[in-house]
Each structure stands twice: as structure tokens, then as C-alpha cells.
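Containing mmCIF, C-alpha atoms: entry_8.cif.
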```
data_run
#
loop_
_atom_site.label_atom_id
_atom_site.label_comp_id
_atom_site.auth_asym_id
_atom_site.auth_seq_id
_atom_site.Cartn_x
_atom_site.Cartn_y
_atom_site.Cartn_z
CA MET A 24 148.99 132.06 159.55
CA ARG A 25 146.55 129.83 157.79
CA ILE A 26 146.40 130.79 154.09
CA THR A 27 143.72 129.37 151.82
CA LEU A 28 144.01 129.55 148.07
CA CYS A 29 140.53 129.17 146.63
CA GLY A 30 141.05 128.00 143.08
CA GLY A 31 144.46 126.91 144.28
CA THR A 32 144.56 124.24 141.59
CA GLY A 33 144.90 126.89 138.85
CA ASP A 34 148.03 128.61 137.56
CA ILE A 35 148.25 131.59 139.90
CA GLY A 36 147.09 129.42 142.83
CA GLU A 37 149.86 126.94 142.15
CA GLY A 38 152.46 129.69 141.93
CA LEU A 39 151.40 131.34 145.18
CA ALA A 40 151.05 128.01 147.00
CA LEU A 41 154.58 126.97 146.03
CA ARG A 42 156.14 130.33 146.89
CA PHE A 43 154.32 130.62 150.25
CA ALA A 44 155.26 127.07 151.16
CA TYR A 45 158.85 127.48 149.98
CA ASP A 46 159.60 130.89 151.50
CA THR A 47 157.37 131.03 154.61
CA ASP A 48 156.09 128.88 157.45
CA HIS A 49 152.42 129.59 156.90
CA GLU A 50 149.95 126.73 156.73
CA ILE A 51 148.78 126.47 153.10
CA LEU A 52 145.37 125.06 152.12
CA ILE A 53 144.24 124.45 148.56
CA GLY A 54 140.57 125.00 147.78
CA SER A 55 138.68 123.95 144.68
CA ARG A 56 135.08 123.37 143.68
CA ASP A 57 136.18 119.76 143.31
CA PRO A 58 137.72 118.52 146.59
CA GLU A 59 139.33 115.55 144.86
CA LYS A 60 141.16 117.87 142.47
CA ALA A 61 142.23 120.02 145.42
CA ARG A 62 143.73 116.99 147.18
CA THR A 63 145.52 115.80 144.01
CA LYS A 64 147.04 119.21 143.35
CA ALA A 65 148.01 119.68 147.01
CA ALA A 66 149.86 116.37 146.84
CA GLU A 67 151.62 117.48 143.63
CA TYR A 68 152.77 120.68 145.33
CA GLU A 69 154.07 118.66 148.30
CA THR A 70 156.05 116.44 145.92
CA GLU A 71 157.53 119.45 144.12
CA LEU A 72 158.52 121.04 147.45
CA ASP A 73 159.86 117.77 148.80
CA SER A 74 162.14 117.49 145.74
CA ARG A 75 163.60 120.82 146.88
CA GLY A 76 164.12 119.70 150.45
CA ILE A 77 161.01 121.35 151.89
CA GLU A 78 158.94 118.98 153.96
CA THR A 79 155.52 120.45 154.37
CA THR A 80 151.89 119.43 154.49
CA ILE A 81 149.51 121.06 152.04
CA LYS A 82 145.91 120.00 152.37
CA GLY A 83 143.18 120.16 149.73
CA PHE A 84 139.46 120.74 150.35
CA GLU A 85 136.34 122.00 148.69
CA ASN A 86 136.55 125.84 148.66
CA ALA A 87 134.21 126.56 151.60
CA MET A 88 135.86 123.94 153.79
CA ALA A 89 139.30 125.31 152.87
CA ALA A 90 138.23 128.86 153.72
CA ASP A 91 136.93 127.84 157.13
CA ARG A 92 139.05 129.36 159.93
CA ALA A 93 141.60 130.74 157.45
CA ASP A 94 143.34 133.99 158.32
CA VAL A 95 143.70 134.94 154.67
CA VAL A 96 141.70 133.64 151.72
CA VAL A 97 143.16 134.34 148.29
CA LEU A 98 140.60 134.22 145.47
CA ALA A 99 142.90 132.61 142.92
CA VAL A 100 140.07 132.01 140.46
CA PRO A 101 139.34 133.46 137.01
CA PRO A 102 137.44 136.77 137.17
CA TYR A 103 134.18 135.21 135.95
CA HIS A 104 134.24 132.80 138.91
CA VAL A 105 135.03 135.42 141.53
CA ARG A 106 131.43 136.21 142.45
CA ASP A 107 130.38 132.52 142.65
CA THR A 108 133.41 131.66 144.70
CA VAL A 109 132.87 134.47 147.21
CA GLU A 110 129.19 133.48 147.53
CA SER A 111 130.12 129.83 148.05
CA ILE A 112 132.48 130.63 150.95
CA SER A 113 130.57 133.60 152.41
CA ASP A 114 129.32 131.86 155.54
CA ARG A 115 132.90 130.87 156.44
CA LEU A 116 134.09 134.47 156.33
CA ASP A 117 133.98 137.09 159.07
CA SER A 118 135.80 140.23 160.13
CA GLU A 119 138.79 138.08 161.09
CA THR A 120 139.25 136.66 157.58
CA ILE A 121 141.05 138.77 155.01
CA LEU A 122 139.85 138.22 151.48
CA VAL A 123 142.55 138.83 148.87
CA SER A 124 141.67 139.48 145.23
CA PRO A 125 144.37 138.93 142.56
CA ALA A 126 142.03 138.40 139.55
CA VAL A 127 141.91 140.68 136.52
CA GLY A 128 139.21 140.72 133.85
CA MET A 129 140.83 140.78 130.43
CA GLN A 130 139.60 140.60 126.89
CA ARG A 131 141.75 139.33 124.05
CA GLU A 132 141.47 141.34 120.87
CA LYS A 133 143.56 141.37 117.72
CA SER A 134 145.50 144.37 119.06
CA GLY A 135 146.33 142.65 122.34
CA LEU A 136 144.96 142.13 125.82
CA HIS A 137 142.61 144.74 127.19
CA TYR A 138 141.36 145.49 130.66
CA ASN A 139 137.74 144.43 130.91
CA ARG A 140 136.43 146.62 133.68
CA PRO A 141 133.54 145.01 135.58
CA SER A 142 130.46 147.14 136.27
CA ALA A 143 131.49 147.24 139.94
CA GLY A 144 134.55 149.29 138.84
CA SER A 145 137.14 146.53 139.32
CA VAL A 146 137.29 142.86 140.23
CA THR A 147 138.45 143.88 143.69
CA ALA A 148 135.39 146.13 144.06
CA MET A 149 133.21 143.24 142.87
CA VAL A 150 134.65 141.08 145.66
CA ALA A 151 133.84 143.83 148.16
CA GLU A 152 130.28 144.05 146.80
CA THR A 153 129.76 140.30 147.11
CA ALA A 154 131.45 139.48 150.43
CA PRO A 155 129.77 140.04 153.81
CA GLU A 156 130.19 143.69 154.76
CA ASP A 157 132.56 143.19 157.68
CA VAL A 158 135.11 141.11 155.74
CA PRO A 159 138.25 143.14 154.96
CA ILE A 160 139.24 143.06 151.27
CA VAL A 161 142.71 143.59 149.86
CA GLY A 162 143.67 143.58 146.17
CA ALA A 163 147.13 142.06 145.62
CA PHE A 164 149.28 139.84 143.40
CA HIS A 165 147.61 141.04 140.16
CA SER A 166 150.75 141.61 138.13
CA LEU A 167 152.66 138.45 138.99
CA SER A 168 153.35 135.89 136.30
CA ALA A 169 151.92 132.54 137.37
CA ASP A 170 154.62 130.67 135.44
CA LYS A 171 157.40 132.62 137.10
CA LEU A 172 155.92 132.09 140.57
CA ALA A 173 155.55 128.36 139.97
CA ASN A 174 159.14 127.96 138.82
CA LEU A 175 161.09 128.03 142.07
CA ASP A 176 164.36 128.14 140.12
CA ILE A 177 163.58 131.74 139.17
CA ALA A 178 164.57 134.41 141.70
CA LEU A 179 161.92 137.12 141.89
CA ASP A 180 162.78 140.81 141.95
CA GLU A 181 159.62 142.78 141.46
CA ASP A 182 156.79 144.75 142.98
CA THR A 183 153.23 143.82 143.75
CA LEU A 184 150.67 146.53 144.39
CA LEU A 185 148.19 146.50 147.25
CA VAL A 186 144.84 148.27 147.38
CA GLY A 187 142.49 148.24 150.31
CA ASP A 188 140.63 150.30 152.88
CA ASP A 189 141.47 148.34 156.05
CA GLU A 190 144.90 149.17 157.44
CA ASP A 191 145.27 146.08 159.61
CA ALA A 192 144.37 143.82 156.71
CA LEU A 193 146.83 145.67 154.46
CA ASP A 194 149.59 145.20 157.02
CA ILE A 195 148.94 141.47 157.17
CA VAL A 196 148.86 141.04 153.40
CA GLN A 197 152.04 143.10 153.11
CA LEU A 198 153.72 140.78 155.60
CA LEU A 199 152.41 137.75 153.74
CA ALA A 200 153.47 139.03 150.30
CA GLU A 201 156.90 140.18 151.42
CA GLY A 202 157.43 136.75 152.95
CA ILE A 203 157.95 135.69 149.35
CA GLU A 204 161.58 136.35 148.59
CA GLY A 205 162.20 139.09 146.04
CA LEU A 206 158.71 140.52 146.23
CA ARG A 207 158.20 144.08 147.40
CA THR A 208 154.77 145.55 148.09
CA LEU A 209 153.72 149.10 147.33
CA TYR A 210 150.46 150.61 148.48
CA ALA A 211 148.37 151.95 145.60
CA GLY A 212 145.66 153.44 147.81
CA PRO A 213 142.06 152.56 148.68
CA LEU A 214 139.94 149.93 146.93
CA ALA A 215 138.61 152.68 144.66
CA ASN A 216 142.06 152.69 142.98
CA ALA A 217 141.91 149.01 142.02
CA ALA A 218 141.04 149.56 138.33
CA GLU A 219 144.38 151.22 137.57
CA VAL A 220 146.19 148.41 139.40
CA GLU A 221 144.28 145.70 137.56
CA SER A 222 144.86 147.49 134.20
CA LEU A 223 148.56 146.87 134.63
CA THR A 224 148.16 143.14 133.96
CA PRO A 225 147.01 143.32 130.31
CA LEU A 226 149.72 145.95 129.77
CA LEU A 227 152.37 143.56 131.11
CA ILE A 228 151.12 140.80 128.83
CA ASN A 229 151.17 143.12 125.80
CA LEU A 230 154.72 144.15 126.67
CA ALA A 231 155.77 140.53 127.07
CA ILE A 232 154.34 139.65 123.65
CA HIS A 233 155.83 142.59 121.76
CA ASN A 234 159.25 142.73 123.42
CA ASP A 235 159.98 139.07 123.90
CA LEU A 236 160.08 139.62 127.65
CA HIS A 237 159.38 136.30 129.27
CA ASP A 238 157.33 136.44 132.48
CA VAL A 239 157.76 140.17 132.72
CA GLY A 240 157.42 141.88 136.11
CA VAL A 241 157.37 145.49 137.15
CA ARG A 242 159.45 147.72 139.46
CA PHE A 243 158.53 151.23 140.47
CA GLU A 244 161.38 153.49 141.52
CA MET B 17 165.78 165.90 113.25
CA ARG B 18 163.58 168.87 113.83
CA ILE B 19 161.49 168.28 116.97
CA THR B 20 158.61 170.57 117.87
CA LEU B 21 157.09 170.58 121.33
CA CYS B 22 153.60 172.05 121.05
CA GLY B 23 152.77 173.26 124.51
CA GLY B 24 156.50 173.24 125.09
CA THR B 25 156.14 175.96 127.71
CA GLY B 26 154.40 173.54 130.10
CA ASP B 27 155.94 171.06 132.54
CA ILE B 28 156.34 168.02 130.35
CA GLY B 29 157.32 170.19 127.39
CA GLU B 30 160.06 171.81 129.45
CA GLY B 31 161.35 168.43 130.62
CA LEU B 32 161.46 166.94 127.13
CA ALA B 33 162.97 170.10 125.59
CA LEU B 34 165.79 170.14 128.14
CA ARG B 35 166.53 166.42 127.84
CA PHE B 36 166.43 166.43 124.02
CA ALA B 37 168.67 169.48 123.89
CA TYR B 38 171.05 168.12 126.54
CA ASP B 39 171.37 164.56 125.29
CA THR B 40 170.88 164.84 121.52
CA ASP B 41 171.72 167.06 118.55
CA HIS B 42 168.17 167.48 117.32
CA GLU B 43 166.84 170.93 116.55
CA ILE B 44 164.28 171.78 119.25
CA LEU B 45 161.38 174.17 118.68
CA ILE B 46 158.98 175.35 121.35
CA GLY B 47 155.37 175.93 120.35
CA SER B 48 152.68 177.71 122.32
CA ARG B 49 149.36 179.37 121.59
CA ASP B 50 151.16 182.54 122.69
CA PRO B 51 154.32 183.04 120.56
CA GLU B 52 155.75 185.54 123.06
CA LYS B 53 155.51 182.95 125.83
CA ALA B 54 157.14 180.38 123.54
CA ARG B 55 160.09 182.73 122.89
CA THR B 56 160.49 183.57 126.58
CA LYS B 57 160.49 179.92 127.63
CA ALA B 58 162.83 178.92 124.79
CA ALA B 59 165.28 181.57 126.01
CA GLU B 60 164.96 180.22 129.58
CA TYR B 61 165.80 176.72 128.38
CA GLU B 62 168.81 178.07 126.48
CA THR B 63 170.04 179.79 129.65
CA GLU B 64 169.60 176.60 131.69
CA LEU B 65 171.47 174.58 129.09
CA ASP B 66 174.16 177.21 128.75
CA SER B 67 174.77 177.04 132.51
CA ARG B 68 175.56 173.36 131.93
CA GLY B 69 177.94 174.01 129.06
CA ILE B 70 175.49 173.23 126.28
CA GLU B 71 175.42 175.95 123.66
CA THR B 72 172.29 175.50 121.63
CA THR B 73 169.58 177.52 119.94
CA ILE B 74 165.98 176.81 120.91
CA LYS B 75 163.41 178.85 119.06
CA GLY B 76 159.87 179.66 120.15
CA PHE B 77 156.84 180.15 117.87
CA GLU B 78 153.09 179.96 117.81
CA ASN B 79 152.16 176.23 117.65
CA ALA B 80 151.33 176.01 113.94
CA MET B 81 154.46 177.89 112.95
CA ALA B 82 156.55 175.65 115.22
CA ALA B 83 154.99 172.51 113.73
CA ASP B 84 155.77 173.63 110.19
CA ARG B 85 158.36 171.36 108.56
CA ALA B 86 158.98 169.48 111.83
CA ASP B 87 159.92 165.81 111.61
CA VAL B 88 158.29 165.06 114.95
CA VAL B 89 155.63 167.09 116.75
CA VAL B 90 155.08 166.23 120.42
CA LEU B 91 151.68 167.28 121.77
CA ALA B 92 152.92 168.35 125.19
CA VAL B 93 149.59 169.91 126.12
CA PRO B 94 146.98 168.99 128.74
CA PRO B 95 144.49 166.37 127.48
CA TYR B 96 141.64 168.89 127.21
CA HIS B 97 143.74 170.96 124.78
CA VAL B 98 144.84 168.04 122.62
CA ARG B 99 142.00 168.27 120.11
CA ASP B 100 142.28 172.09 119.71
CA THR B 101 146.02 171.87 119.34
CA VAL B 102 145.88 169.18 116.66
CA GLU B 103 143.23 171.16 114.78
CA SER B 104 145.30 174.34 115.00
CA ILE B 105 148.38 172.68 113.45
CA SER B 106 146.58 170.29 111.06
CA ASP B 107 147.45 172.08 107.85
CA ARG B 108 151.15 171.94 108.75
CA LEU B 109 151.08 168.16 109.13
CA ASP B 110 151.48 165.49 106.46
CA SER B 111 152.56 161.89 106.12
CA GLU B 112 156.15 163.00 106.79
CA THR B 113 155.37 164.49 110.22
CA ILE B 114 155.10 162.13 113.17
CA LEU B 115 152.63 163.26 115.79
CA VAL B 116 153.53 162.07 119.31
CA SER B 117 150.94 161.97 122.07
CA PRO B 118 152.15 161.93 125.72
CA ALA B 119 148.97 163.31 127.36
CA VAL B 120 146.82 161.38 129.84
CA GLY B 121 143.34 162.30 130.99
CA MET B 122 143.09 162.04 134.75
CA GLN B 123 140.50 162.80 137.34
CA ARG B 124 141.39 163.61 140.92
CA GLU B 125 139.12 162.00 143.49
CA LYS B 126 139.47 161.59 147.21
CA SER B 127 140.83 158.08 146.71
CA GLY B 128 143.50 159.25 144.31
CA LEU B 129 144.09 159.87 140.63
CA HIS B 130 141.98 157.98 138.14
CA TYR B 131 142.29 157.37 134.45
CA ASN B 132 139.65 159.41 132.66
CA ARG B 133 139.17 157.51 129.44
CA PRO B 134 138.10 159.75 126.54
CA SER B 135 135.21 158.54 124.39
CA ALA B 136 137.71 157.89 121.59
CA GLY B 137 139.18 155.15 123.83
CA SER B 138 142.38 156.98 124.76
CA VAL B 139 143.98 160.38 124.28
CA THR B 140 146.25 158.82 121.67
CA ALA B 141 143.19 157.53 119.78
CA MET B 142 141.64 161.01 120.05
CA VAL B 143 144.75 162.44 118.39
CA ALA B 144 144.42 159.89 115.60
CA GLU B 145 140.75 160.81 115.18
CA THR B 146 141.54 164.52 114.93
CA ALA B 147 144.71 164.56 112.82
CA PRO B 148 144.68 164.27 109.01
CA GLU B 149 144.41 160.60 108.10
CA ASP B 150 147.88 160.18 106.61
CA VAL B 151 149.75 161.57 109.65
CA PRO B 152 151.43 158.77 111.62
CA ILE B 153 150.61 158.83 115.36
CA VAL B 154 152.73 157.42 118.17
CA GLY B 155 151.86 157.40 121.87
CA ALA B 156 154.97 157.91 124.04
CA PHE B 157 156.41 159.57 127.14
CA HIS B 158 153.17 159.14 129.18
CA SER B 159 154.73 157.84 132.36
CA LEU B 160 157.66 160.25 132.69
CA SER B 161 157.75 162.68 135.57
CA ALA B 162 157.99 166.22 134.20
CA ASP B 163 159.92 167.35 137.29
CA LYS B 164 162.45 164.58 136.95
CA LEU B 165 162.95 165.26 133.23
CA ALA B 166 163.44 168.97 133.86
CA ASN B 167 166.06 168.39 136.54
CA LEU B 168 169.17 167.53 134.54
CA ASP B 169 170.99 166.62 137.76
CA ILE B 170 168.86 163.49 137.99
CA ALA B 171 170.06 160.46 136.01
CA LEU B 172 167.14 158.63 134.44
CA ASP B 173 166.83 154.86 134.53
CA GLU B 174 163.37 153.91 133.37
CA ASP B 175 161.12 152.74 130.59
CA THR B 176 158.73 154.61 128.36
CA LEU B 177 156.10 152.72 126.42
CA LEU B 178 155.31 153.26 122.75
CA VAL B 179 152.03 152.52 121.00
CA GLY B 180 151.39 153.01 117.33
CA ASP B 181 150.42 151.40 114.05
CA ASP B 182 153.14 152.81 111.77
CA GLU B 183 156.40 150.91 112.02
CA ASP B 184 158.62 153.59 110.50
CA ALA B 185 157.20 156.23 112.82
CA LEU B 186 157.70 153.92 115.80
CA ASP B 187 161.33 153.38 114.82
CA ILE B 188 161.94 157.11 114.65
CA VAL B 189 160.25 157.82 118.00
CA GLN B 190 162.19 154.96 119.55
CA LEU B 191 165.43 156.50 118.27
CA LEU B 192 164.35 159.91 119.54
CA ALA B 193 163.31 158.63 122.99
CA GLU B 194 166.37 156.45 123.47
CA GLY B 195 168.50 159.46 122.60
CA ILE B 196 167.60 160.60 126.12
CA GLU B 197 170.13 158.99 128.39
CA GLY B 198 168.68 156.38 130.76
CA LEU B 199 165.42 156.00 128.88
CA ARG B 200 164.50 152.66 127.36
CA THR B 201 161.51 152.20 125.07
CA LEU B 202 159.26 149.17 125.01
CA TYR B 203 156.60 148.60 122.40
CA ALA B 204 153.13 148.12 123.91
CA GLY B 205 151.42 147.32 120.61
CA PRO B 206 149.04 149.14 118.27
CA LEU B 207 147.22 152.39 119.03
CA ALA B 208 144.28 150.32 120.26
CA ASN B 209 146.42 149.43 123.30
CA ALA B 210 146.92 153.05 124.37
CA ALA B 211 144.36 153.04 127.19
CA GLU B 212 146.33 150.54 129.27
CA VAL B 213 149.50 152.57 128.68
CA GLU B 214 147.83 155.83 129.63
CA SER B 215 146.29 154.19 132.75
CA LEU B 216 149.77 153.69 134.10
CA THR B 217 150.20 157.42 134.77
CA PRO B 218 147.52 157.84 137.48
CA LEU B 219 148.80 154.59 139.01
CA LEU B 220 152.33 156.01 139.19
CA ILE B 221 151.04 159.17 140.84
CA ASN B 222 149.03 157.15 143.38
CA LEU B 223 152.12 155.08 144.16
CA ALA B 224 154.23 158.21 144.54
CA ILE B 225 151.71 159.70 146.99
CA HIS B 226 151.27 156.61 149.13
CA ASN B 227 154.85 155.36 149.22
CA ASP B 228 156.74 158.59 149.38
CA LEU B 229 158.38 157.80 146.06
CA HIS B 230 159.48 161.05 144.53
CA ASP B 231 159.16 161.28 140.74
CA VAL B 232 158.58 157.57 140.46
CA GLY B 233 159.35 155.79 137.19
CA VAL B 234 158.73 152.27 135.99
CA ARG B 235 160.88 149.40 134.73
CA PHE B 236 159.55 146.23 133.16
CA GLU B 237 161.78 143.18 133.35
#
```
Can you give me the file's structure in the form of C-alpha cells?
Amino acid sequence: MRITLCGGTGDIGEGLALRFAYDTDHEILIGSRDPEKARTKAAEYETELDSRGIETTIKGFENAMAADRADVVVLAVPPYHVRDTVESISDRLDSETILVSPAVGMQREKSGLHYNRPSAGSVTAMVAETAPEDVPIVGAFHSLSADKLANLDIALDEDTLLVGDDEDALDIVQLLAEGIEGLRTLYAGPLANAAEVESLTPLLINLAIHNDLHDVGVRFE
Amino acid sequence: MRITLCGGTGDIGEGLALRFAYDTDHEILIGSRDPEKARTKAAEYETELDSRGIETTIKGFENAMAADRADVVVLAVPPYHVRDTVESISDRLDSETILVSPAVGMQREKSGLHYNRPSAGSVTAMVAETAPEDVPIVGAFHSLSADKLANLDIALDEDTLLVGDDEDALDIVQLLAEGIEGLRTLYAGPLANAAEVESLTPLLINLAIHNDLHDVGVRFE
């Protein structure tokens, strides 16, 4: 498959790009608002993978160009750029492109991180509101530590939760996510359940801070 | 310690009563609005424990009577009874009684269970609002399956998250919770972080429904 990481120059984009390239044979494209930055980062990822014996080509483009003809587009951008990013790539999306939302709105207060619920109900719901109606949306990868993903020396052993209304799209994202070694997907229900899934991320960060758990992940069993 | 389970005749109360009595030497008291019901259930728990070779006395009382001179009072009541219950036991509480809140407000919709955030910010915060000011409050036990707790044949292996502002109270609840075999506590920060902890419960139920995970628990690592 052709996987585009919009905002693939950021932390979570880097982590997913490296894991997808390391563990799977998918074609990985890095998107950014700045195509030059996308190319530079893509080259960095290639170098990192090459140092681990993985010869692969990762290309960088401006977001819309990167999203063009992708099978899956991951919106690896901060929550406040999600709407802009979806709008900027909208005319490259259709019912054959799965849009994946991993972003979580959080607010830092003295007590810790808090879930900052968007008026749409969740970031994933905001993506669904903004994207063309026929584009299937899946929420995924919310609870993964970007640092842990990007460090290929660390073996993963954790769950990622999927939400979505389109079964075929869910199946494809499950396949994609479970292509990453040590990652198991669980289905958390329709898009309407995204807020509870997104709320898990500030909780994980609070737990990491207070219990000295580095790059904490979650397992449900 | 003397541990009172207000609403100890309900599901989560039963589960905690059995585990505390089975795994620890604490004195367990069952509270209910109906003292007769409390006595009947307490006798049932004694019979269950006796059948497993544990000889113990569990007494049942009306909630306020049960809370009197307790070291820890667990509010094992549904969220819509939390305020009433705290009010009904208020004059039995003081700075030496730790009030533990495990309740979670949830709303069932077609999509699944949703976190129903009280106007206080969380059920735990609502308890803090209602209780006398000097009573230390700890949120705990939210994510535990009542059925799994109550079935002593099942070995636990999961985390429970604590929130609270009073360090001594947190230490005591940690000791109490980790007295239950297979339960690990993690500190999720001050009371202000309770909403994210409580939100985990509807998520767990949604995951159980959609992934055929019976009595699902959570581990952070």
C-alpha cells in the first residue's frame, strides 16, 4: 500500500514512518506544508533505516502532493492543524483513500495533562466533519509514544485502539497497524466513541510523569 | 484497618468486600441504605468466604452506622447516589476517615458507553465538593470489573489508578488496594485529573463489547 504521513516531519510522523518502513513493505511518503522539509526528513529516515540494513526509498512532498493517490493518509499533525491539513488535501481524497486520525487535543495545567475535547466531540469527529463525505475515517495510533516508535531498538508490546464506521477501512488500518511488530489493535467502536479513546493519551502522559514510566503504553486484557 | 463499603450490597461493593476479606486482614463492614439488606449480603459474603476456608466476620449496617469510626469508606454506589450517600454519612466523617470514590458516570448510547462528566468535573470531584472539607478524598478502583472481583477463582493481574491531593491518604489507599493480590496501583495525579481516569471505564466496556474480552482490565507499561 501507499501510506502518506501528512505532518510526517513531526514526532509521531517520524515514529510511524520508521516503524512502517522497518516492519512492512508499504511505500511510505512524507508530507509537510514545506516540501523541502519533507524531503530533508525523508532522507534522514532513509539514512536511519539504512544504518539498520533496510534499503528503502522514502519520498517527501508538500502535503497535498503526498496525499495524491495514497491508499491511507495519516494526519500526523498537531490537533490545531488537523482542520487546515484536511482542507489542504481534500481534493486529493476520495472514497478510496482512508484518512487516519491519531491526534489528540490536550491542555497542560498545573495538575497535569487534560483532554481538550473539540466542539465536534473529538479530533477524529472533526476530521470526519472536515473531509469530503465519502472519505472513510479511522481513528488510530492515539496512545503510542512518538519517542518509543522512533527508537527502533525498543521492542513494542502494546495495544492501539481503532474507532471508525467503515468496516473495510477498519480492516485495512488494522492490517497496517498490526504490520508493526508488537502492536495489537482493538476495536473501540464507531467514530462516536473517539472521545474516550483520545482521553487515554493525557492519562498515559500523567501516569508516565507520576510513576516514572518512560514511554508508557497500554494493554487491555 | 476498618474498611466500610457504602453500597456494599451492589456489584462493585461485593467484589471489593470479597477480595479485601480474602486477601487481607482488614475488618470489612457493609453499608446500605437498608440495614437489613446490608446484614443479609454480609452474611452471604461470609458464606462464600467460608466455602473457601476463610473464616471471617463481615457486619452489615445502615450506611452512616457502617461509616462510623471507619479508617476508609469506599463509596461503592452508583454515581447518581454518590452525593446523597456522602451527605448521609457526613457527620461520621473527619480528617481521619479516607473517602474513596470508585464511581463513574456513564451514558449508554447506540454507539456504546460514554463518559458522562458531572458538572463538578468528575465524580471524584463531586465527592470532594460534598464531603466535609477536612476529609481526604482518593479516587480508586474505577476500572475494575465487578464480576471479575467477585469471582475469587479468577487471578487478577491489572492496574488500578489513584487520584488524590492528600499524600498520606494516597499511601493508605495504595496499601489497601495492593493488599488485593494481582492489583497494582499507579498514581494518576491530583483530584483534578480524575476525569481522564474515570473516562477509562466506558472505554474498557466498549472494548469488552467489541473484542469479546470478558471482564477486561488494563495494564500500563
Check what the PyMOL selection byres ((chain A) within 7 of (chain B)) selects in the file above and give those residues as a ChimeraX atom specification. /A:134-135,209-213,215-216,219-220,222-223,226,229-230,233-234,236,239-244
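The space between CA of Val90 in chain B and CA of Thr56 in chain B spans 19.2 Å.
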Picked residues, the PyMOL selection byres ((chain B and resi 31-42) around 8), expected as a PyMOL selection string: chain B and resi 17-19+21+24+27-30+43-44+46+61+65+70+72+162-168+195-197
Give me the residues near Ser106 in chain B as JSON, numbers by chain, where near means some atom within 10 Å (using all atoms listed in the file) and where sequence neighbours in that chain fewer than 4 positions away do not count. {"B": [80, 83, 84, 100, 101, 102, 110, 146, 147, 148, 151]}
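Across the structure, CA of Pro125 in chain A and CA of Ala141 in chain B are spaced 29.4 Å apart.
Taking only C-alpha atoms into account, those protein, DNA and RNA residues with any atom at most 12 Å away from (132.4, 148.7, 138.9) amount to Gly128, Asn139, Arg140, Pro141, Ser142, Ala143, Gly144, Ser145, Val146, Thr147, Ala148, Met149, Val150, Ala151, Glu152, Leu214, Ala215, Asn216, Ala217 and Ala218 of chain A.
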Asp150 in chain B: which residues within 10 Å, counting all atoms listed in the file, same-chain residues fewer than 6 positions away excluded, as a PDB file with C-alpha atoms, in the frame of the given file?
```pdb
ATOM      1  CA  LEU B 109     151.080 168.160 109.130  1.00  0.00           C
ATOM      2  CA  ASP B 110     151.480 165.490 106.460  1.00  0.00           C
ATOM      3  CA  SER B 111     152.560 161.890 106.120  1.00  0.00           C
ATOM      4  CA  GLU B 112     156.150 163.000 106.790  1.00  0.00           C
ATOM      5  CA  THR B 113     155.370 164.490 110.220  1.00  0.00           C
ATOM      6  CA  ILE B 114     155.100 162.130 113.170  1.00  0.00           C
ATOM      7  CA  ALA B 144     144.420 159.890 115.600  1.00  0.00           C
TER       8      ALA B 144
END
```
Separation of CA of Gly33 in chain A from CA of Val100 in chain A in Å: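 We find that CA of Val100 in chain A and CA of Gly33 in chain A lie 7.2 Å from each other.
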In terms of the shortest atom-to-atom distance over all atoms listed in the file, which of A:Ala66, A:Ile177, A:Val161, A:Val123 is closest to Ala99 in chain A?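 Residue with the minimum atom-to-atom distance to Ala99 in chain A: A:Val123.
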